[in-house]
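**Student:** What follows is upload01.cif; its format and atoms are mmCIF, C-alpha atoms.
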data_structure
#
loop_
_atom_site.label_atom_id
_atom_site.label_comp_id
_atom_site.auth_asym_id
_atom_site.auth_seq_id
_atom_site.Cartn_x
_atom_site.Cartn_y
_atom_site.Cartn_z
CA MET A 234 371.88 -30.06 -23.84
CA THR A 235 374.45 -32.24 -22.06
CA GLU A 236 375.69 -30.78 -18.78
CA LEU A 237 379.14 -31.33 -17.34
CA PRO A 238 379.48 -33.16 -14.03
CA ASP A 239 380.52 -31.20 -10.96
CA PHE A 240 384.19 -30.66 -10.21
CA ASP A 241 384.44 -33.63 -7.86
CA VAL A 242 383.70 -35.94 -10.80
CA LEU A 243 385.96 -34.02 -13.20
CA LEU A 244 388.84 -34.09 -10.73
CA THR A 245 388.37 -37.81 -10.23
CA ARG A 246 388.46 -38.32 -14.01
CA LEU A 247 391.59 -36.20 -14.43
CA ALA A 248 393.41 -37.94 -11.60
CA ALA A 249 392.52 -41.38 -12.98
CA HIS A 250 393.61 -40.25 -16.45
CA ARG A 251 397.01 -39.31 -15.00
CA GLY A 252 397.17 -42.55 -13.00
CA LEU A 253 397.17 -40.65 -9.70
CA SER A 254 395.51 -41.65 -6.46
CA VAL A 255 394.28 -39.20 -3.82
CA GLU A 256 397.44 -39.94 -1.89
CA ASP A 257 399.55 -39.15 -4.97
CA LEU A 258 397.74 -35.84 -5.53
CA SER A 259 398.18 -34.88 -1.90
CA ARG A 260 401.88 -35.67 -1.90
CA LEU A 261 402.75 -34.13 -5.27
CA ALA A 262 400.68 -30.99 -4.73
CA THR A 263 401.70 -30.73 -1.06
CA VAL A 264 398.12 -30.27 0.10
CA PRO A 265 396.36 -32.03 2.97
CA GLU A 266 394.69 -35.25 1.94
CA THR A 267 391.69 -34.30 4.05
CA GLU A 268 391.18 -31.17 1.95
CA LEU A 269 391.37 -33.17 -1.26
CA ARG A 270 388.90 -35.75 -0.03
CA ALA A 271 386.50 -32.98 0.98
CA VAL A 272 386.61 -31.60 -2.58
CA LEU A 273 386.09 -35.09 -3.97
CA ASP A 274 383.05 -35.32 -1.71
CA GLY A 275 381.61 -32.15 -3.22
CA ALA A 276 383.16 -29.24 -1.30
CA ALA A 277 384.13 -26.15 -3.29
CA PRO A 278 387.89 -26.04 -3.94
CA ARG A 279 389.92 -23.16 -2.56
CA PRO A 280 391.95 -21.12 -5.08
CA SER A 281 395.17 -22.13 -3.35
CA LEU A 282 394.30 -25.79 -3.86
CA LEU A 283 393.63 -25.27 -7.56
CA ARG A 284 396.95 -23.48 -8.01
CA ARG A 285 398.82 -26.40 -6.43
CA LEU A 286 396.90 -29.07 -8.29
CA ALA A 287 397.29 -27.53 -11.75
CA PRO A 288 400.94 -28.46 -12.41
CA VAL A 289 400.40 -31.95 -10.98
CA LEU A 290 397.54 -32.46 -13.43
CA ARG A 291 399.65 -30.87 -16.20
CA LEU A 292 397.17 -28.05 -16.69
CA HIS A 293 397.49 -24.28 -16.63
CA ALA A 294 396.20 -22.84 -13.36
CA GLU A 295 393.70 -20.53 -15.06
CA ASP A 296 392.28 -23.48 -17.00
CA LEU A 297 391.79 -25.51 -13.85
CA PHE A 298 389.87 -22.59 -12.34
CA VAL A 299 387.51 -22.73 -15.33
CA ILE A 300 387.18 -26.51 -15.07
CA ALA A 301 386.32 -26.10 -11.39
CA SER A 302 383.77 -23.32 -12.14
CA VAL A 303 385.71 -20.95 -9.90
CA ASP A 304 386.29 -17.33 -10.92
CA VAL A 305 389.72 -16.88 -12.47
CA PRO A 306 391.81 -14.56 -10.25
CA PRO A 307 392.46 -11.16 -11.87
CA GLU A 308 396.21 -11.78 -12.06
CA LEU A 309 395.56 -14.86 -14.23
CA THR A 310 393.16 -13.20 -16.65
CA PRO A 311 394.36 -11.69 -19.96
CA LEU A 312 396.01 -8.31 -19.43
CA ASP A 313 394.39 -6.39 -22.27
CA PRO A 314 390.98 -7.47 -23.62
CA ASP A 315 391.65 -5.42 -26.75
CA ALA A 316 394.66 -7.58 -27.69
CA GLY A 317 392.66 -10.61 -28.85
CA GLY A 318 392.37 -9.41 -32.43
CA GLU A 319 396.12 -8.86 -32.60
CA ALA A 320 396.68 -12.37 -31.20
CA ALA A 321 394.61 -13.77 -34.08
CA ARG A 322 396.66 -11.74 -36.53
CA LEU A 323 399.84 -13.04 -34.90
CA ALA A 324 398.66 -16.63 -35.36
CA ARG A 325 398.06 -15.98 -39.07
CA HIS A 326 401.51 -14.51 -39.64
CA SER A 327 403.43 -17.04 -37.55
CA ILE A 328 401.85 -20.34 -38.64
CA GLY A 329 403.88 -20.39 -41.87
CA LEU A 330 407.22 -19.58 -40.28
CA ARG A 331 410.01 -22.12 -39.97
CA ARG A 332 410.32 -24.03 -36.72
CA ARG A 333 413.31 -22.08 -35.46
CA GLU A 334 411.55 -18.82 -36.34
CA GLN A 335 408.44 -19.82 -34.41
CA GLU A 336 410.51 -20.92 -31.43
CA TRP A 337 412.44 -17.65 -31.47
CA LEU A 338 409.21 -15.65 -31.69
CA ARG A 339 407.76 -17.50 -28.70
CA ARG A 340 410.92 -16.85 -26.66
CA PHE A 341 410.79 -13.20 -27.72
CA ALA A 342 407.17 -12.96 -26.58
CA ALA A 343 408.08 -14.55 -23.23
CA SER A 344 410.86 -11.99 -22.76
CA ARG A 345 408.53 -8.99 -23.12
CA PRO A 346 407.92 -7.29 -19.77
CA GLN A 347 404.37 -7.52 -18.49
CA GLU A 348 402.91 -4.06 -18.14
CA GLU A 349 400.89 -2.91 -15.17
CA ARG A 350 397.19 -3.64 -15.39
CA THR A 351 395.64 -0.21 -15.87
CA ARG A 352 392.00 -1.24 -15.72
CA PRO A 353 390.00 -4.09 -14.26
CA ALA A 354 388.79 -6.92 -16.42
CA PRO A 355 385.55 -5.82 -18.12
CA GLU A 356 382.29 -7.18 -16.84
CA GLU A 357 381.30 -10.32 -18.69
CA ARG A 358 378.75 -9.66 -21.39
CA PRO A 359 375.51 -11.62 -21.19
CA TYR A 360 376.09 -13.48 -24.47
CA LEU A 361 379.40 -14.79 -23.09
CA ARG A 362 377.74 -16.42 -20.10
CA TYR A 363 377.62 -20.03 -21.18
CA PRO A 364 375.60 -22.82 -19.61
CA PRO A 365 377.53 -25.61 -17.83
CA GLY A 366 377.99 -27.86 -20.85
CA PRO A 367 380.98 -29.15 -22.82
CA GLY A 368 380.80 -26.34 -25.36
CA GLY A 369 380.59 -23.71 -22.65
CA LEU A 370 383.68 -25.14 -20.99
CA LEU A 371 385.68 -24.96 -24.22
CA MET A 372 384.59 -21.39 -24.93
CA ARG A 373 385.59 -20.32 -21.44
CA LEU A 374 388.97 -21.97 -21.94
CA LEU A 375 389.25 -20.06 -25.22
CA ALA A 376 388.54 -16.83 -23.34
CA ASN A 377 391.54 -17.64 -21.11
CA ARG A 378 393.63 -17.16 -24.28
CA ASN A 379 392.01 -13.74 -24.80
CA LEU A 380 390.05 -15.14 -27.75
CA GLY A 381 386.42 -14.25 -28.21
CA TRP A 382 384.12 -15.41 -30.97
CA SER A 383 385.67 -13.45 -33.84
CA ALA A 384 389.34 -13.70 -32.87
CA GLY A 385 388.82 -17.35 -31.97
CA ALA A 386 387.32 -18.15 -35.36
CA ARG A 387 390.32 -16.59 -37.07
CA VAL A 388 392.77 -18.63 -34.99
CA PHE A 389 390.80 -21.79 -35.77
CA LEU A 390 391.27 -21.03 -39.46
CA SER A 391 395.02 -20.42 -39.09
CA LEU A 392 395.73 -23.50 -36.97
CA THR A 393 393.28 -26.06 -38.32
CA GLY A 394 392.46 -24.84 -41.83
CA ARG A 395 388.75 -24.99 -41.01
CA TYR A 396 386.55 -21.98 -40.58
CA TRP A 397 383.10 -21.40 -39.14
CA SER A 398 381.47 -18.05 -38.58
CA ALA A 399 382.18 -16.38 -35.25
CA SER A 400 378.55 -16.75 -34.19
CA THR A 401 378.65 -20.50 -34.85
CA TYR A 402 381.44 -20.93 -32.33
CA GLY A 403 379.33 -18.94 -29.91
CA GLN A 404 376.45 -21.32 -30.46
CA VAL A 405 378.75 -24.22 -29.60
CA GLY A 406 379.28 -22.51 -26.26
CA HIS A 407 375.54 -22.20 -25.71
CA GLY A 408 374.89 -25.82 -26.66
CA ARG A 409 372.94 -24.98 -29.81
CA VAL A 410 375.57 -26.51 -32.11
CA ASP A 411 376.77 -30.02 -31.29
CA LEU A 412 380.31 -30.46 -30.09
CA THR A 413 381.49 -33.35 -32.28
CA PRO A 414 384.71 -35.32 -31.73
CA GLU A 415 386.23 -33.59 -34.78
CA LEU A 416 385.32 -30.12 -33.53
CA GLN A 417 386.59 -30.93 -30.05
CA ALA A 418 389.93 -31.95 -31.59
CA ASP A 419 390.07 -28.55 -33.30
CA TYR A 420 389.50 -26.85 -29.95
CA ALA A 421 392.32 -28.90 -28.47
CA THR A 422 394.65 -27.65 -31.21
CA VAL A 423 393.73 -24.00 -30.71
CA LEU A 424 393.84 -24.26 -26.92
CA GLY A 425 397.19 -26.05 -27.01
CA MET A 426 395.73 -28.84 -24.88
CA CYS A 427 395.82 -32.60 -25.26
CA ALA A 428 392.70 -33.83 -27.03
CA THR A 429 392.48 -36.81 -24.68
CA ASP A 430 392.33 -34.41 -21.71
CA LEU A 431 389.36 -32.63 -23.24
CA SER A 432 387.74 -35.97 -24.00
CA VAL A 433 388.13 -37.00 -20.36
CA LEU A 434 386.48 -33.77 -19.22
CA THR A 435 383.61 -33.60 -21.71
CA GLY A 436 382.89 -37.30 -22.13
CA ILE A 437 383.02 -36.84 -25.91
CA GLY A 438 385.28 -39.32 -27.67
CA LEU A 439 388.14 -38.71 -30.05
CA PRO A 440 387.62 -38.76 -33.81
CA ASP A 441 388.56 -41.91 -35.66
CA GLY A 442 392.24 -42.00 -36.47
CA HIS A 443 392.95 -38.95 -34.36
CA ARG A 444 396.52 -37.70 -34.40
CA PRO A 445 398.18 -34.86 -32.48
CA PRO A 446 398.22 -31.52 -34.31
CA PRO A 447 401.21 -30.57 -36.46
CA ARG A 448 404.12 -29.18 -34.52
CA ALA A 449 403.67 -25.75 -36.09
CA ALA A 450 400.09 -25.51 -34.84
CA ALA A 451 401.14 -26.55 -31.34
CA GLU A 452 403.92 -23.95 -31.32
CA VAL A 453 401.58 -21.17 -32.42
CA ALA A 454 398.92 -22.20 -29.91
CA GLY A 455 401.58 -21.82 -27.21
CA LEU A 456 402.50 -18.41 -28.62
CA VAL A 457 398.88 -17.26 -28.53
CA ARG A 458 398.61 -18.28 -24.89
CA GLU A 459 401.91 -16.55 -24.08
CA VAL A 460 400.77 -13.18 -25.43
CA ARG A 461 397.62 -13.18 -23.27
CA ARG A 462 399.74 -11.37 -20.65
CA LEU A 463 400.81 -8.62 -23.07
CA SER A 464 399.19 -5.38 -24.14
CA ARG A 465 397.66 -4.76 -27.54
CA GLU A 466 400.66 -2.64 -28.54
CA GLN A 467 403.11 -5.35 -27.51
CA VAL A 468 401.23 -8.03 -29.46
CA ARG A 469 401.07 -5.71 -32.45
CA GLU A 470 404.87 -5.40 -32.27
CA LEU A 471 405.15 -9.19 -32.37
CA CYS A 472 402.81 -9.29 -35.37
CA GLU A 473 405.06 -6.89 -37.23
CA VAL A 474 408.12 -9.02 -36.41
CA ALA A 475 406.36 -12.19 -37.58
CA GLU A 476 405.12 -10.53 -40.76
CA ALA A 477 408.54 -9.12 -41.55
CA THR A 478 410.23 -12.47 -40.91
CA GLY A 479 407.90 -14.26 -43.30
CA GLY A 480 408.18 -11.48 -45.87
CA GLU A 481 411.97 -11.53 -45.85
CA ARG A 482 411.99 -15.26 -46.55
CA ARG A 483 409.57 -14.90 -49.46
CA THR A 484 411.62 -12.20 -51.18
#
Please express what this file holds, its structure, as structure tokens.

**Tutor:**
Amino acid sequence: MTELPDFDVLLTRLAAHRGLSVEDLSRLATVPETELRAVLDGAAPRPSLLRRLAPVLRLHAEDLFVIASVDVPPELTPLDPDAGGEAARLARHSIGLRRREQEWLRRFAASRPQEERTRPAPEERPYLRYPPGPGGLLMRLLANRNLGWSAGARVFLSLTGRYWSASTYGQVGHGRVDLTPELQADYATVLGMCATDLSVLTGIGLPDGHRPPPRAAAEVAGLVREVRRLSREQVRELCEVAEATGGERRT
């Protein structure tokens, strides 16, 4: 199984991909250059550094924590682990909506108040502890969207039109199923990330003739990420709105 390089190499790749020097990163992220150079020499990054680097690298902070193999802070983890299934249902009902309807639904989701966290994030189950390979990285990024094996497989179907069993996606994470360029592009669509960014991180190339995902898929991927901060009941409310909107148009 192919292992990912350490974060110093991944950060170097990302910076080069963005055309940024160490001096650029230091200036744009307002962090000491000495601290950056220490990380590039193999030191573990501090959470505060990752938070400042993320927008400069055009990444979500929680994703950069995963890329750096640093525990995601509780305030950046999904609010309600039970909401993943509803998020998959939301993707199914919203993918066929018109553009303005999808955009409105995403704004509506963003306007929902975030409820207080009533319980700590559950302890990670053994089968979700992935080895440090490309597939494990992508499955951990998927978990940042509150998508496990089953909910993730359903969102893959809605956004890419391709479906594998839930356990097969899990085996990708454990390195028992090869991460092909085509499959990596599907992950990029579901994660709402640029496929070239994933290629830079994993070292796996892009598929021949690769094109960005359809706008509708990108919009829904952003919606799925947005609702990670909502409760199961709140996401269910959004599902009902999306289902009703699509139903009204069909009648």

**Student:** Ranking A:Leu439, A:Leu244, A:Ala428, A:Ala384 by minimum distance to A:Ala399 and counting all atoms listed in the file, which one comes first?

**Tutor:**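 Looking at the shortest contact to A:Ala399, the residue is A:Ala384.
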
**Student:** Which neighbours of A:Leu309 fall inside 12 Å, counting only C-alpha atoms, when residues of the same chain fewer than 5 positions from it are skipped, and could you give them as a PyMOL selection string?

**Tutor:** chain A and resi 280+284+293-299+304+350+354+376-379+458-459+461-462

**Student:** What does the structure give for the distance between atom CA of A:Phe389 and atom CA of A:Arg444, in Å to one decimal?

**Tutor:**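 Separating atom CA of A:Phe389 from atom CA of A:Arg444 is a distance of 17.0 Å.
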
**Student:** Evaluate the PyMOL selection byres ((chain A and resi 368) around 8) here and jot the selected residues down as a list in words.

**Tutor:**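 Written out, the selection comes to Gly366, Pro367, Gly369, Leu370, Leu371, Met372, Val405, Gly406, His407, Gly408 and Leu412 of chain A.
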
**Student:** Using all atoms listed in the file and a cutoff of 10 Å, can you tell me which residues are near (399.2, -2.4, -26.4) in the file's coordinates, and write them out as an MDAnalysis selection string?

**Tutor:** chainID A and resid 312:313 315:316 319 348 463:470

**Student:** Can you list, as JSON, numbers by chain, the residues that the PyMOL selection byres ((chain A and resi 397) around 12) selects here?

**Tutor:** {"A": [382, 383, 384, 385, 386, 387, 388, 389, 390, 391, 393, 394, 395, 396, 398, 399, 400, 401, 402, 403, 404, 405, 410, 416, 419]}

**Student:** Closest to A:Ile328 among A:Pro359, A:Pro364, A:Gly479, A:Gly436, using all atoms listed in the file?

**Tutor:**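 Checking each candidate against A:Ile328, we get A:Gly479 as the closest.
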
**Student:** Between A:Leu338, A:Gly425, A:Pro314, A:Asp241, which residue has the minimum interatomic distance to A:His326, considering all atoms listed in the file?

**Tutor:**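 Comparing A:Leu338, A:Gly425, A:Pro314, A:Asp241 against A:His326, the winner is A:Leu338.
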
**Student:** I'd like to know which of A:Gly438, A:Gly317, A:Pro445, A:Pro306 is closest to A:Leu375, using all atoms listed in the file.

**Tutor:** A:Gly317

**Student:** So how far away is atom CA of A:Ala451 from atom CA of A:Arg332, in Å?

**Tutor:**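 Answer for the atom CA of A:Arg332 to atom CA of A:Ala451 separation: 10.9 Å.
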
**Student:** Counting only C-alpha atoms, what is within 9 Å of A:Ala454, bar same-chain residues fewer than 5 positions away, as a PDB file with C-alpha atoms, in the coordinates of the input?

**Tutor:**
ATOM      1  CA  ALA A 324     398.660 -16.630 -35.360  1.00  0.00           C
ATOM      2  CA  VAL A 388     392.770 -18.630 -34.990  1.00  0.00           C
ATOM      3  CA  LEU A 392     395.730 -23.500 -36.970  1.00  0.00           C
ATOM      4  CA  THR A 422     394.650 -27.650 -31.210  1.00  0.00           C
ATOM      5  CA  VAL A 423     393.730 -24.000 -30.710  1.00  0.00           C
ATOM      6  CA  LEU A 424     393.840 -24.260 -26.920  1.00  0.00           C
ATOM      7  CA  GLY A 425     397.190 -26.050 -27.010  1.00  0.00           C
ATOM      8  CA  MET A 426     395.730 -28.840 -24.880  1.00  0.00           C
ATOM      9  CA  ALA A 449     403.670 -25.750 -36.090  1.00  0.00           C
ATOM     10  CA  GLU A 459     401.910 -16.550 -24.080  1.00  0.00           C
TER      11      GLU A 459
END

**Student:** Skipping near chain neighbours, those fewer than 6 positions away, what residues fall within 12 Å of A:Ala249 using all atoms listed in the file, listed as a list in words?

**Tutor:**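 In the requested format, the answer is Val242, Leu243, Val255, Asp257, Leu258, Leu290, Asp430, Val433 and Leu434 of chain A.
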
**Student:** With C-alpha atoms retained, could you export that selection as a PDB file, in the coordinates of the input?

**Tutor:**
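The result, written out as out.pdb:
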ATOM      1  CA  VAL A 242     383.700 -35.940 -10.800  1.00  0.00           C
ATOM      2  CA  LEU A 243     385.960 -34.020 -13.200  1.00  0.00           C
ATOM      3  CA  VAL A 255     394.280 -39.200  -3.820  1.00  0.00           C
ATOM      4  CA  ASP A 257     399.550 -39.150  -4.970  1.00  0.00           C
ATOM      5  CA  LEU A 258     397.740 -35.840  -5.530  1.00  0.00           C
ATOM      6  CA  LEU A 290     397.540 -32.460 -13.430  1.00  0.00           C
ATOM      7  CA  ASP A 430     392.330 -34.410 -21.710  1.00  0.00           C
ATOM      8  CA  VAL A 433     388.130 -37.000 -20.360  1.00  0.00           C
ATOM      9  CA  LEU A 434     386.480 -33.770 -19.220  1.00  0.00           C
TER      10      LEU A 434
END

**Student:** A:Asp239, A:Asp274, A:Glu476, A:Glu452: which is nearest A:Ala301, counting only C-alpha atoms?

**Tutor:**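 Looking only at the distances to A:Ala301, the closest residue turns out to be A:Asp239.
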
**Student:** Quick one: apply the PyMOL selection byres ((chain A and resi 337) around 12) to the file and drop the selected residues here as a PyMOL selection string.

**Tutor:** chain A and resi 327+330-336+338-344+452-453+456+471+474-475+478

**Student:** Between A:Ala277, A:Leu253, A:Ala477, A:Ile437, which has the minimum distance to A:Glu415 (counting only C-alpha atoms)?

**Tutor:**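 Closest residue, counting only C-alpha atoms: A:Ile437.
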
**Student:** What's the separation between atom CA of A:Arg325 and atom CA of A:Ala418, in Å to one decimal place?

**Tutor:**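 Answer for the atom CA of A:Arg325 to atom CA of A:Ala418 separation: 19.4 Å.
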